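Quick look at my_file-v6.pdb (PDB, C-alpha atoms and all ligand atoms):
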MODEL        1
ATOM      1  CA  ALA A 270       0.000   0.000   0.000  1.00  0.00           C
ATOM      2  CA  GLN A 271       2.460   2.631  -1.165  1.00  0.00           C
ATOM      3  CA  VAL A 272       1.957   5.822  -3.118  1.00  0.00           C
ATOM      4  CA  ALA A 273       3.905   5.628  -6.345  1.00  0.00           C
ATOM      5  CA  GLN A 274       2.042   8.373  -8.114  1.00  0.00           C
ATOM      6  CA  ALA A 275      -0.086  11.276  -6.939  1.00  0.00           C
ATOM      7  CA  GLU A 276      -1.806  13.575  -9.331  1.00  0.00           C
ATOM      8  CA  PHE A 277      -3.963  16.587  -8.633  1.00  0.00           C
ATOM      9  CA  VAL A 278      -7.078  16.119 -10.712  1.00  0.00           C
ATOM     10  CA  LYS A 279      -9.553  18.846  -9.905  1.00  0.00           C
ATOM     11  CA  SER A 280     -11.143  21.220  -7.476  1.00  0.00           C
ATOM     12  CA  SER A 281     -14.897  21.094  -7.265  1.00  0.00           C
ATOM     13  CA  VAL A 282     -17.318  23.395  -5.546  1.00  0.00           C
ATOM     14  CA  ARG A 283     -20.228  20.963  -5.765  1.00  0.00           C
ATOM     15  CA  THR A 284     -20.578  17.208  -5.405  1.00  0.00           C
ATOM     16  CA  GLU A 285     -21.934  16.981  -8.965  1.00  0.00           C
ATOM     17  CA  ASP A 286     -18.702  18.450 -10.301  1.00  0.00           C
ATOM     18  CA  CYS A 287     -16.463  15.783  -8.711  1.00  0.00           C
ATOM     19  CA  PRO A 288     -14.724  13.234 -10.989  1.00  0.00           C
ATOM     20  CA  SER A 289     -17.138  10.769 -12.508  1.00  0.00           C
ATOM     21  CA  ASP A 290     -14.819   7.845 -13.283  1.00  0.00           C
ATOM     22  CA  GLY A 291     -16.142   5.818 -10.360  1.00  0.00           C
ATOM     23  CA  LEU A 292     -12.812   5.251  -8.595  1.00  0.00           C
ATOM     24  CA  PRO A 293     -13.104   4.725  -4.824  1.00  0.00           C
ATOM     25  CA  GLU A 294     -12.194   7.657  -2.610  1.00  0.00           C
ATOM     26  CA  PHE A 295     -11.293   8.658   0.927  1.00  0.00           C
ATOM     27  CA  ALA A 296     -11.965  12.131   2.259  1.00  0.00           C
ATOM     28  CA  LEU A 297      -9.816  13.904   4.813  1.00  0.00           C
ATOM     29  CA  VAL A 298     -11.628  16.413   6.965  1.00  0.00           C
ATOM     30  CA  GLY A 299     -10.958  18.227  10.216  1.00  0.00           C
ATOM     31  CA  ARG A 300     -10.806  21.498  12.048  1.00  0.00           C
ATOM     32  CA  SER A 301      -8.539  24.159  10.562  1.00  0.00           C
ATOM     33  CA  ASN A 302      -5.034  23.711  11.883  1.00  0.00           C
ATOM     34  CA  VAL A 303      -5.603  20.058  12.813  1.00  0.00           C
ATOM     35  CA  GLY A 304      -2.682  19.092  10.564  1.00  0.00           C
ATOM     36  CA  LYS A 305      -4.631  17.974   7.494  1.00  0.00           C
ATOM     37  CA  SER A 306      -2.297  19.436   4.889  1.00  0.00           C
ATOM     38  CA  SER A 307       0.717  18.034   6.712  1.00  0.00           C
ATOM     39  CA  LEU A 308      -0.870  14.600   6.860  1.00  0.00           C
ATOM     40  CA  LEU A 309      -1.848  14.674   3.198  1.00  0.00           C
ATOM     41  CA  ASN A 310       1.698  15.596   2.276  1.00  0.00           C
ATOM     42  CA  SER A 311       3.106  12.916   4.531  1.00  0.00           C
ATOM     43  CA  LEU A 312       0.798  10.302   2.972  1.00  0.00           C
ATOM     44  CA  VAL A 313       2.040  11.049  -0.507  1.00  0.00           C
ATOM     45  CA  ARG A 314       5.528  11.996   0.656  1.00  0.00           C
ATOM     46  CA  ARG A 315       5.426  15.436  -0.876  1.00  0.00           C
ATOM     47  CA  LYS A 316       6.392  18.639   0.817  1.00  0.00           C
ATOM     48  CA  LYS A 317       3.696  20.631  -0.883  1.00  0.00           C
ATOM     49  CA  LEU A 318       0.972  18.564  -2.421  1.00  0.00           C
ATOM     50  CA  ALA A 319      -1.433  20.623  -0.389  1.00  0.00           C
ATOM     51  CA  LEU A 320      -0.355  23.986   0.817  1.00  0.00           C
ATOM     52  CA  THR A 321       0.138  24.355   4.547  1.00  0.00           C
ATOM     53  CA  SER A 322      -1.044  27.783   5.490  1.00  0.00           C
ATOM     54  CA  LYS A 323      -2.752  29.705   8.193  1.00  0.00           C
ATOM     55  CA  THR A 324      -5.710  31.411   6.583  1.00  0.00           C
ATOM     56  CA  PRO A 325      -8.323  30.432   4.013  1.00  0.00           C
ATOM     57  CA  ALA A 326      -7.259  32.633   1.164  1.00  0.00           C
ATOM     58  CA  ASP A 327      -8.944  32.444  -2.200  1.00  0.00           C
ATOM     59  CA  PHE A 328     -11.906  30.515  -3.305  1.00  0.00           C
ATOM     60  CA  CYS A 329     -10.692  27.643  -5.366  1.00  0.00           C
ATOM     61  CA  VAL A 330     -12.550  28.757  -8.448  1.00  0.00           C
ATOM     62  CA  SER A 331     -10.136  31.595  -8.862  1.00  0.00           C
ATOM     63  CA  ILE A 332      -7.091  29.357  -8.785  1.00  0.00           C
ATOM     64  CA  ILE A 333      -8.309  26.360 -10.760  1.00  0.00           C
ATOM     65  CA  PRO A 334      -6.610  27.559 -13.960  1.00  0.00           C
ATOM     66  CA  LEU A 335      -3.301  27.525 -12.116  1.00  0.00           C
ATOM     67  CA  MET A 336      -3.627  23.981 -10.986  1.00  0.00           C
ATOM     68  CA  THR A 337      -2.521  21.845 -13.837  1.00  0.00           C
ATOM     69  CA  ALA A 338       0.408  20.051 -12.320  1.00  0.00           C
ATOM     70  CA  ILE A 339       0.975  16.381 -12.668  1.00  0.00           C
ATOM     71  CA  PHE A 340       3.438  14.987 -10.208  1.00  0.00           C
ATOM     72  CA  GLU A 341       5.835  12.178 -10.788  1.00  0.00           C
ATOM     73  CA  ALA A 342       7.130   9.900  -8.101  1.00  0.00           C
ATOM     74  CA  ASP A 343      10.290  11.845  -7.433  1.00  0.00           C
ATOM     75  CA  ASP A 344      10.251  14.919  -5.258  1.00  0.00           C
ATOM     76  CA  SER A 345      12.050  17.092  -7.755  1.00  0.00           C
ATOM     77  CA  ALA A 346       8.962  17.336  -9.936  1.00  0.00           C
ATOM     78  CA  SER A 347       7.387  20.728  -9.911  1.00  0.00           C
ATOM     79  CA  ILE A 348       4.362  20.878  -7.753  1.00  0.00           C
ATOM     80  CA  CYS A 349       1.475  23.198  -8.035  1.00  0.00           C
ATOM     81  CA  VAL A 350       0.112  24.204  -4.670  1.00  0.00           C
ATOM     82  CA  LEU A 351      -3.446  24.868  -3.774  1.00  0.00           C
ATOM     83  CA  GLY A 352      -4.707  27.879  -1.944  1.00  0.00           C
ATOM     84  CA  LYS A 353      -6.071  26.968   1.440  1.00  0.00           C
ATOM     85  CA  THR A 354      -8.790  24.654   0.266  1.00  0.00           C
ATOM     86  CA  GLN A 355     -12.325  25.958   0.174  1.00  0.00           C
ATOM     87  CA  CYS A 356     -13.498  23.231  -2.116  1.00  0.00           C
ATOM     88  CA  ILE A 357     -13.362  19.518  -2.768  1.00  0.00           C
ATOM     89  CA  ASN A 358      -9.900  18.649  -4.071  1.00  0.00           C
ATOM     90  CA  HIS A 359      -9.334  15.304  -5.758  1.00  0.00           C
ATOM     91  CA  PHE A 360      -5.890  13.710  -5.891  1.00  0.00           C
ATOM     92  CA  ARG A 361      -5.654  10.507  -7.900  1.00  0.00           C
ATOM     93  CA  ILE A 362      -3.305   7.985  -6.358  1.00  0.00           C
ATOM     94  CA  ASN A 363      -1.602   5.232  -8.372  1.00  0.00           C
ATOM     95  CA  ASP A 364      -4.263   5.803 -11.043  1.00  0.00           C
ATOM     96  CA  SER A 365      -6.686   3.743  -9.007  1.00  0.00           C
ATOM     97  CA  TRP A 366      -8.191   5.686  -6.126  1.00  0.00           C
ATOM     98  CA  TYR A 367      -8.643   9.215  -4.797  1.00  0.00           C
ATOM     99  CA  LEU A 368      -7.525  11.067  -1.751  1.00  0.00           C
ATOM    100  CA  VAL A 369      -9.939  13.926  -1.250  1.00  0.00           C
ATOM    101  CA  ASP A 370      -9.051  17.074   0.625  1.00  0.00           C
ATOM    102  CA  LEU A 371     -12.073  18.826   2.096  1.00  0.00           C
ATOM    103  CA  PRO A 372     -12.102  22.310   3.577  1.00  0.00           C
ATOM    104  CA  GLY A 373     -11.222  22.604   7.235  1.00  0.00           C
ATOM    105  CA  TYR A 374     -14.128  23.537   9.472  1.00  0.00           C
ATOM    106  CA  GLY A 375     -14.236  25.828  12.461  1.00  0.00           C
ATOM    107  CA  TYR A 376     -11.985  28.505  11.150  1.00  0.00           C
ATOM    108  CA  ALA A 377     -12.819  31.209  13.690  1.00  0.00           C
ATOM    109  CA  ALA A 378     -12.174  34.220  11.479  1.00  0.00           C
ATOM    110  CA  ALA A 379     -14.450  33.090   8.665  1.00  0.00           C
ATOM    111  CA  PRO A 380     -17.691  34.997   8.273  1.00  0.00           C
ATOM    112  CA  ARG A 381     -20.774  33.128   9.356  1.00  0.00           C
ATOM    113  CA  GLU A 382     -22.262  32.847   5.846  1.00  0.00           C
ATOM    114  CA  LEU A 383     -19.049  31.311   4.576  1.00  0.00           C
ATOM    115  CA  ARG A 384     -19.036  28.767   7.380  1.00  0.00           C
ATOM    116  CA  THR A 385     -22.611  27.791   6.597  1.00  0.00           C
ATOM    117  CA  ASP A 386     -21.662  27.338   2.962  1.00  0.00           C
ATOM    118  CA  TRP A 387     -18.772  25.023   3.830  1.00  0.00           C
ATOM    119  CA  ASP A 388     -21.042  23.020   6.024  1.00  0.00           C
ATOM    120  CA  LYS A 389     -23.696  22.719   3.374  1.00  0.00           C
ATOM    121  CA  PHE A 390     -21.400  21.561   0.639  1.00  0.00           C
ATOM    122  CA  THR A 391     -19.278  19.144   2.669  1.00  0.00           C
ATOM    123  CA  LYS A 392     -22.405  17.571   4.146  1.00  0.00           C
ATOM    124  CA  ASP A 393     -23.944  17.310   0.701  1.00  0.00           C
ATOM    125  CA  TYR A 394     -20.755  15.581  -0.429  1.00  0.00           C
ATOM    126  CA  PHE A 395     -20.855  13.081   2.480  1.00  0.00           C
ATOM    127  CA  LEU A 396     -24.491  12.225   1.846  1.00  0.00           C
ATOM    128  CA  ASN A 397     -24.404  12.008  -1.932  1.00  0.00           C
ATOM    129  CA  ARG A 398     -20.956  10.962  -3.086  1.00  0.00           C
ATOM    130  CA  SER A 399     -21.518   7.320  -3.944  1.00  0.00           C
ATOM    131  CA  THR A 400     -17.825   6.472  -4.451  1.00  0.00           C
ATOM    132  CA  LEU A 401     -16.872   7.708  -0.969  1.00  0.00           C
ATOM    133  CA  VAL A 402     -15.545   4.684   0.916  1.00  0.00           C
ATOM    134  CA  SER A 403     -14.769   6.333   4.231  1.00  0.00           C
ATOM    135  CA  VAL A 404     -14.356   9.741   5.783  1.00  0.00           C
ATOM    136  CA  PHE A 405     -11.124  10.205   7.693  1.00  0.00           C
ATOM    137  CA  LEU A 406     -11.974  12.608  10.491  1.00  0.00           C
ATOM    138  CA  LEU A 407      -8.834  14.251  11.838  1.00  0.00           C
ATOM    139  CA  ILE A 408      -8.716  15.071  15.535  1.00  0.00           C
ATOM    140  CA  ASP A 409      -5.839  16.898  17.219  1.00  0.00           C
ATOM    141  CA  ALA A 410      -4.667  14.570  19.984  1.00  0.00           C
ATOM    142  CA  SER A 411      -2.462  17.206  21.548  1.00  0.00           C
ATOM    143  CA  ILE A 412      -5.423  19.118  22.971  1.00  0.00           C
ATOM    144  CA  PRO A 413      -8.635  18.160  24.785  1.00  0.00           C
ATOM    145  CA  ALA A 414     -11.749  17.406  22.685  1.00  0.00           C
ATOM    146  CA  LYS A 415     -13.313  20.454  21.049  1.00  0.00           C
ATOM    147  CA  PRO A 416     -17.119  20.801  20.891  1.00  0.00           C
ATOM    148  CA  ILE A 417     -17.004  21.380  17.127  1.00  0.00           C
ATOM    149  CA  ASP A 418     -15.161  18.070  16.602  1.00  0.00           C
ATOM    150  CA  LEU A 419     -17.706  16.251  18.740  1.00  0.00           C
ATOM    151  CA  GLU A 420     -20.477  17.880  16.727  1.00  0.00           C
ATOM    152  CA  TYR A 421     -18.903  16.743  13.475  1.00  0.00           C
ATOM    153  CA  ALA A 422     -18.381  13.185  14.708  1.00  0.00           C
ATOM    154  CA  SER A 423     -21.936  13.118  15.975  1.00  0.00           C
ATOM    155  CA  TRP A 424     -23.292  14.253  12.618  1.00  0.00           C
ATOM    156  CA  LEU A 425     -21.284  11.593  10.753  1.00  0.00           C
ATOM    157  CA  GLY A 426     -22.451   8.928  13.205  1.00  0.00           C
ATOM    158  CA  GLN A 427     -26.094   9.928  13.020  1.00  0.00           C
ATOM    159  CA  ASN A 428     -25.969   9.869   9.249  1.00  0.00           C
ATOM    160  CA  GLN A 429     -24.146   6.540   9.259  1.00  0.00           C
ATOM    161  CA  ILE A 430     -21.305   7.837   7.117  1.00  0.00           C
ATOM    162  CA  PRO A 431     -18.432   5.323   7.308  1.00  0.00           C
ATOM    163  CA  MET A 432     -15.701   6.979   9.311  1.00  0.00           C
ATOM    164  CA  THR A 433     -12.151   6.439  10.487  1.00  0.00           C
ATOM    165  CA  LEU A 434     -10.753   8.575  13.301  1.00  0.00           C
ATOM    166  CA  VAL A 435      -7.286   9.906  12.660  1.00  0.00           C
ATOM    167  CA  PHE A 436      -5.609  11.408  15.689  1.00  0.00           C
ATOM    168  CA  THR A 437      -2.977  13.949  14.651  1.00  0.00           C
ATOM    169  CA  LYS A 438       0.066  15.445  16.393  1.00  0.00           C
ATOM    170  CA  CYS A 439       0.602  12.352  18.542  1.00  0.00           C
ATOM    171  CA  ASP A 440       4.278  13.286  18.826  1.00  0.00           C
ATOM    172  CA  LYS A 441       3.426  16.302  20.992  1.00  0.00           C
ATOM    173  CA  ARG A 442       4.133  16.002  24.684  1.00  0.00           C
ATOM    174  CA  LYS A 443       1.731  17.135  27.349  1.00  0.00           C
ATOM    175  CA  LYS A 444       1.656  20.741  28.376  1.00  0.00           C
ATOM    176  CA  LYS A 445       0.280  22.362  31.501  1.00  0.00           C
ATOM    177  CA  LYS A 446      -1.881  24.707  29.464  1.00  0.00           C
ATOM    178  CA  ASN A 447      -3.802  21.967  27.688  1.00  0.00           C
ATOM    179  CA  GLY A 448      -4.883  20.315  30.877  1.00  0.00           C
ATOM    180  CA  GLY A 449      -1.710  18.331  31.305  1.00  0.00           C
ATOM    181  CA  LYS A 450      -2.905  15.361  29.278  1.00  0.00           C
ATOM    182  CA  ARG A 451      -0.876  13.205  26.932  1.00  0.00           C
ATOM    183  CA  PRO A 452      -2.129  12.565  23.367  1.00  0.00           C
ATOM    184  CA  GLU A 453      -3.081   9.005  24.405  1.00  0.00           C
ATOM    185  CA  GLU A 454      -5.273  10.385  27.181  1.00  0.00           C
ATOM    186  CA  ASN A 455      -6.902  12.999  24.956  1.00  0.00           C
ATOM    187  CA  LEU A 456      -7.725  10.418  22.321  1.00  0.00           C
ATOM    188  CA  ASN A 457      -9.209   8.055  24.882  1.00  0.00           C
ATOM    189  CA  ASP A 458     -11.358  10.890  26.221  1.00  0.00           C
ATOM    190  CA  PHE A 459     -12.498  11.721  22.692  1.00  0.00           C
ATOM    191  CA  GLN A 460     -13.484   8.146  21.970  1.00  0.00           C
ATOM    192  CA  GLU A 461     -15.459   7.958  25.187  1.00  0.00           C
ATOM    193  CA  LEU A 462     -17.268  11.173  24.382  1.00  0.00           C
ATOM    194  CA  ILE A 463     -18.384   9.977  20.941  1.00  0.00           C
ATOM    195  CA  GLN A 464     -19.315   6.436  21.958  1.00  0.00           C
ATOM    196  CA  GLY A 465     -23.048   7.174  21.945  1.00  0.00           C
ATOM    197  CA  PHE A 466     -22.998   8.411  18.342  1.00  0.00           C
ATOM    198  CA  PHE A 467     -22.025   5.075  16.777  1.00  0.00           C
ATOM    199  CA  GLN A 468     -23.404   1.565  16.764  1.00  0.00           C
ATOM    200  CA  THR A 469     -19.883   0.202  16.560  1.00  0.00           C
ATOM    201  CA  ALA A 470     -16.857   2.267  17.526  1.00  0.00           C
ATOM    202  CA  PRO A 471     -15.113   3.650  14.440  1.00  0.00           C
ATOM    203  CA  PRO A 472     -11.597   2.424  13.657  1.00  0.00           C
ATOM    204  CA  TRP A 473      -8.892   4.832  14.766  1.00  0.00           C
ATOM    205  CA  ILE A 474      -5.272   5.524  13.953  1.00  0.00           C
ATOM    206  CA  MET A 475      -2.619   7.555  15.799  1.00  0.00           C
ATOM    207  CA  THR A 476      -0.498   9.729  13.537  1.00  0.00           C
ATOM    208  CA  SER A 477       2.237  12.298  13.485  1.00  0.00           C
ATOM    209  CA  SER A 478       3.405  14.150  10.424  1.00  0.00           C
ATOM    210  CA  VAL A 479       6.643  14.878  12.246  1.00  0.00           C
ATOM    211  CA  THR A 480       7.634  11.249  12.837  1.00  0.00           C
ATOM    212  CA  ASN A 481       5.396   9.778  10.068  1.00  0.00           C
ATOM    213  CA  GLN A 482       3.748   7.618  12.718  1.00  0.00           C
ATOM    214  CA  GLY A 483       0.555   6.084  11.331  1.00  0.00           C
ATOM    215  CA  ARG A 484       1.346   6.818   7.708  1.00  0.00           C
ATOM    216  CA  ASP A 485       1.673   3.203   6.600  1.00  0.00           C
ATOM    217  CA  GLU A 486      -1.213   2.204   8.805  1.00  0.00           C
ATOM    218  CA  ILE A 487      -3.516   4.704   7.088  1.00  0.00           C
ATOM    219  CA  LEU A 488      -2.457   3.531   3.617  1.00  0.00           C
ATOM    220  CA  LEU A 489      -2.940  -0.092   4.622  1.00  0.00           C
ATOM    221  CA  HIS A 490      -6.331   0.650   6.136  1.00  0.00           C
ATOM    222  CA  MET A 491      -7.374   2.404   2.914  1.00  0.00           C
ATOM    223  CA  ALA A 492      -6.173  -0.571   0.871  1.00  0.00           C
ATOM    224  CA  GLN A 493      -8.189  -2.933   3.061  1.00  0.00           C
ATOM    225  CA  LEU A 494     -11.299  -0.782   2.759  1.00  0.00           C
ATOM    226  CA  ARG A 495     -10.922  -0.686  -1.033  1.00  0.00           C
ATOM    227  CA  ASN A 496     -10.770  -4.463  -1.229  1.00  0.00           C
ATOM    228  CA  TYR A 497     -13.602  -4.995   1.173  1.00  0.00           C
TER
HETATM  229  P1  LIG B   1      -4.334  22.250   8.412  1.00  0.00           P
HETATM  230  O1  LIG B   1      -4.823  23.642   8.642  1.00  0.00           O
HETATM  231  O2  LIG B   1      -5.255  21.252   9.034  1.00  0.00           O
HETATM  232  O3  LIG B   1      -4.028  21.924   6.988  1.00  0.00           O
HETATM  233  O4  LIG B   1      -2.986  22.107   9.269  1.00  0.00           O
HETATM  234  P2  LIG B   1      -1.451  22.178   8.821  1.00  0.00           P
HETATM  235  O5  LIG B   1      -1.024  20.912   8.192  1.00  0.00           O
HETATM  236  O6  LIG B   1      -1.245  23.443   8.085  1.00  0.00           O
HETATM  237  O7  LIG B   1      -0.757  22.232  10.271  1.00  0.00           O
HETATM  238  C1  LIG B   1      -1.110  23.210  11.222  1.00  0.00           C
HETATM  239  C2  LIG B   1       0.031  23.392  12.192  1.00  0.00           C
HETATM  240  O8  LIG B   1       0.247  22.213  12.970  1.00  0.00           O
HETATM  241  C3  LIG B   1       1.366  23.669  11.514  1.00  0.00           C
HETATM  242  O9  LIG B   1       2.066  24.587  12.317  1.00  0.00           O
HETATM  243  C4  LIG B   1       2.057  22.325  11.490  1.00  0.00           C
HETATM  244  O10 LIG B   1       3.461  22.427  11.487  1.00  0.00           O
HETATM  245  C5  LIG B   1       1.565  21.699  12.782  1.00  0.00           C
HETATM  246  N1  LIG B   1       1.490  20.217  12.672  1.00  0.00           N
HETATM  247  C6  LIG B   1       0.831  19.534  11.731  1.00  0.00           C
HETATM  248  N2  LIG B   1       0.960  18.200  11.924  1.00  0.00           N
HETATM  249  C7  LIG B   1       1.734  18.053  13.029  1.00  0.00           C
HETATM  250  C8  LIG B   1       2.226  16.897  13.741  1.00  0.00           C
HETATM  251  O11 LIG B   1       1.975  15.737  13.405  1.00  0.00           O
HETATM  252  N3  LIG B   1       2.978  17.132  14.840  1.00  0.00           N
HETATM  253  C9  LIG B   1       3.275  18.401  15.272  1.00  0.00           C
HETATM  254  N4  LIG B   1       4.016  18.524  16.367  1.00  0.00           N
HETATM  255  N5  LIG B   1       2.828  19.500  14.625  1.00  0.00           N
HETATM  256  C10 LIG B   1       2.072  19.338  13.518  1.00  0.00           C
ENDMDL
END
Would you put the structure from the file into structure tokens?
Ligand code: GDP
Amino acid sequence: AQVAQAEFVKSSVRTEDCPSDGLPEFALVGRSNVGKSSLLNSLVRRKKLALTSKTPADFCVSIIPLMTAIFEADDSASICVLGKTQCINHFRINDSWYLVDLPGYGYAAAPRELRTDWDKFTKDYFLNRSTLVSVFLLIDASIPAKPIDLEYASWLGQNQIPMTLVFTKCDKRKKKKNGGKRPEENLNDFQELIQGFFQTAPPWIMTSSVTNQGRDEILLHMAQLRNY
């Protein structure tokens, strides 16, 4: 389960605009700053497949014409970066499945209408994208559970959207200011808090984009889900 080839295919603002070739796909979603871009880059071993940045900049529609890059397996290939993603970005892996980058939620500085829009279109995608195999919900394990993450997990559970929990930043050590808990403790707390939302507890994986912990496990899990 290795990534030999990763190719940016398209940015879509609506579910109907997503690729229609029927390949299976996995969507990465999480709160802004959870480490989604870092994880995506670590999965495909690129420094900049997705841009790591602090603020949602442009709407993808304005940068689509710029995004024509095809990446080869070696890191020297030129890579076209995406603006902080406000749309559904499809990356085709090994010509056989997609990694899908969804906009981060809970970006505090975003205007309310914009937040509602994100919500509407990601939820529409979850409910209607028939080739979606599983949503990978990213949760920052270096801090205590956030209400917005619990809300998101609850929504996915209630709507029976297949989900895998990906705990990020597991390399971080505990700090006094985050309640003094270790990532392992935070992730246990999170799982307890969401128990009621699911008939069976979702699979979960500990990751770090710093140490690459969990990278192979995620790819293997995706391979297993594809063959299921
Ligand atoms: P995104 O907004 O979800 O795409 O998050 P980014 O990938 O841009 O990461 C947000 C911040 O968290 C950056 O400062 C990253 O360097 C940091 N970060 C991301 N992943 C990790 C990780 O696994 N471990 C640590 N220690 N920091 C991380």
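Proximal residues of ligand LIG 1 (chain B) are A:Gly299, A:Arg300, A:Ser301, A:Asn302, A:Val303, A:Gly304, A:Lys305, A:Ser306, A:Ser307, A:Leu308, A:Thr321, A:Ser322, A:Lys323, A:Gly373, A:Thr437, A:Lys438, A:Cys439, A:Asp440, A:Lys441, A:Thr476, A:Ser477, A:Ser478, A:Val479, by a cut-off of 7 Å on all atoms listed in the file.
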Just-selected residues, C-alpha atoms written as an mmCIF file, in the frame of the given file:
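After the write, selection.cif holds the following:
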data_model
loop_
_atom_site.group_PDB
_atom_site.id
_atom_site.type_symbol
_atom_site.label_atom_id
_atom_site.label_comp_id
_atom_site.auth_asym_id
_atom_site.auth_seq_id
_atom_site.Cartn_x
_atom_site.Cartn_y
_atom_site.Cartn_z
ATOM 1 C CA GLY A 299 -10.958 18.227 10.216
ATOM 2 C CA ARG A 300 -10.806 21.498 12.048
ATOM 3 C CA SER A 301 -8.539 24.159 10.562
ATOM 4 C CA ASN A 302 -5.034 23.711 11.883
ATOM 5 C CA VAL A 303 -5.603 20.058 12.813
ATOM 6 C CA GLY A 304 -2.682 19.092 10.564
ATOM 7 C CA LYS A 305 -4.631 17.974 7.494
ATOM 8 C CA SER A 306 -2.297 19.436 4.889
ATOM 9 C CA SER A 307 0.717 18.034 6.712
ATOM 10 C CA LEU A 308 -0.870 14.600 6.860
ATOM 11 C CA THR A 321 0.138 24.355 4.547
ATOM 12 C CA SER A 322 -1.044 27.783 5.490
ATOM 13 C CA LYS A 323 -2.752 29.705 8.193
ATOM 14 C CA GLY A 373 -11.222 22.604 7.235
ATOM 15 C CA THR A 437 -2.977 13.949 14.651
ATOM 16 C CA LYS A 438 0.066 15.445 16.393
ATOM 17 C CA CYS A 439 0.602 12.352 18.542
ATOM 18 C CA ASP A 440 4.278 13.286 18.826
ATOM 19 C CA LYS A 441 3.426 16.302 20.992
ATOM 20 C CA THR A 476 -0.498 9.729 13.537
ATOM 21 C CA SER A 477 2.237 12.298 13.485
ATOM 22 C CA SER A 478 3.405 14.150 10.424
ATOM 23 C CA VAL A 479 6.643 14.878 12.246
#
Item to check | Interatomic distance, atom CA of Tyr367 of chain A to atom CA of Ala296 of chain A (Å, one decimal) | outcome: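 A separation of 8.3 Å between them.
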Checklist entry - Within 9 Å of (0.6, 9.3, -6.5), in the coordinates the file gives, what residues turn up when you count all atoms listed in the file, written out as a VMD selection string? => result chain A and resid 271 to 277 313 340 to 342 360 to 364
Who sits within 10 Å of Ser411 of chain A, all atoms listed in the file, same chain under 2 positions skipped, as a compact mmCIF listing (two decimals) with C-alpha atoms, keeping the file's coordinate frame:
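Final output, saved to part-v2.txt:
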# COMPACT_ATOMS: atom_id res chain seq x y z
CA VAL A 303 -5.60 20.06 12.81
CA ILE A 408 -8.72 15.07 15.54
CA ASP A 409 -5.84 16.90 17.22
CA PRO A 413 -8.64 18.16 24.78
CA ALA A 414 -11.75 17.41 22.68
CA PHE A 436 -5.61 11.41 15.69
CA THR A 437 -2.98 13.95 14.65
CA LYS A 438 0.07 15.44 16.39
CA CYS A 439 0.60 12.35 18.54
CA ASP A 440 4.28 13.29 18.83
CA LYS A 441 3.43 16.30 20.99
CA ARG A 442 4.13 16.00 24.68
CA LYS A 443 1.73 17.14 27.35
CA LYS A 444 1.66 20.74 28.38
CA ASN A 447 -3.80 21.97 27.69
CA GLY A 449 -1.71 18.33 31.30
CA LYS A 450 -2.90 15.36 29.28
CA ARG A 451 -0.88 13.20 26.93
CA PRO A 452 -2.13 12.56 23.37
CA GLU A 453 -3.08 9.01 24.40
CA GLU A 454 -5.27 10.38 27.18
CA ASN A 455 -6.90 13.00 24.96
CA LEU A 456 -7.72 10.42 22.32
Next on the checklist: Under the PyMOL selection byres (((chain A and resi 425) around 12) and not hetatm), which residues of this model are included? Write them out as a ChimeraX atom specification.
Outcome noted: /A:298,391-396,403-406,418-424,426-434,463,466-468,471
Item to check | Coordinates-based distance that separates atom CA of Leu292 of chain A from atom CA of Leu488 of chain A (Å, one decimal) | outcome: 16.1 Å
Checklist entry - Which is closest to Phe295 of chain A among A:Trp473, A:Tyr497, A:Trp366, A:Tyr374, if we use only C-alpha atoms? => result A:Trp366
Checklist entry - Given the choices A:Leu462, A:Met491, A:Cys356, A:Ile412, which gets closest to Cys287 of chain A if the distance is worked out from all atoms listed in the file? => result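 Nearest to Cys287 of chain A: A:Cys356.
Picture a line from atom CA of Ser311 of chain A to atom CA of Arg484 of chain A; it runs 7.1 Å.
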Checklist outcome for this item: In terms of all atoms listed in the file, the residue from A:Gln460, A:Asn496, A:Leu489, A:Glu294 at minimal distance from Leu312 of chain A is A:Leu489
Checklist entry - Once the PyMOL selection byres (((chain A and resi 359) around 6) and not hetatm) has been applied to the shown file, what residues remain in the selection, as a list in words? => result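 In the shown coordinates, the PyMOL selection byres (((chain A and resi 359) around 6) and not hetatm) covers Val278, Lys279, Asn358, Phe360 and Val369 of chain A.
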Next on the checklist: Measuring between only C-alpha atoms, which one of A:Ile417, A:Leu368, A:Val435, A:Met475 shows the shortest distance to Thr400 of chain A?
Outcome noted: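 Among A:Ile417, A:Leu368, A:Val435, A:Met475, it is A:Leu368 that comes nearest to Thr400 of chain A.
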Checklist entry - Nearest to Asn481 of chain A: which of A:Asn310, A:Ser281, A:Gln493, A:Gln464 is it, counting all atoms listed in the file? => result A:Asn310
Checklist entry - Out of A:Ile357, A:Leu309, A:Ala470, A:Val402, which residue has the shortest atom-to-atom distance to Asp286 of chain A when counting all atoms listed in the file? => result A:Ile357
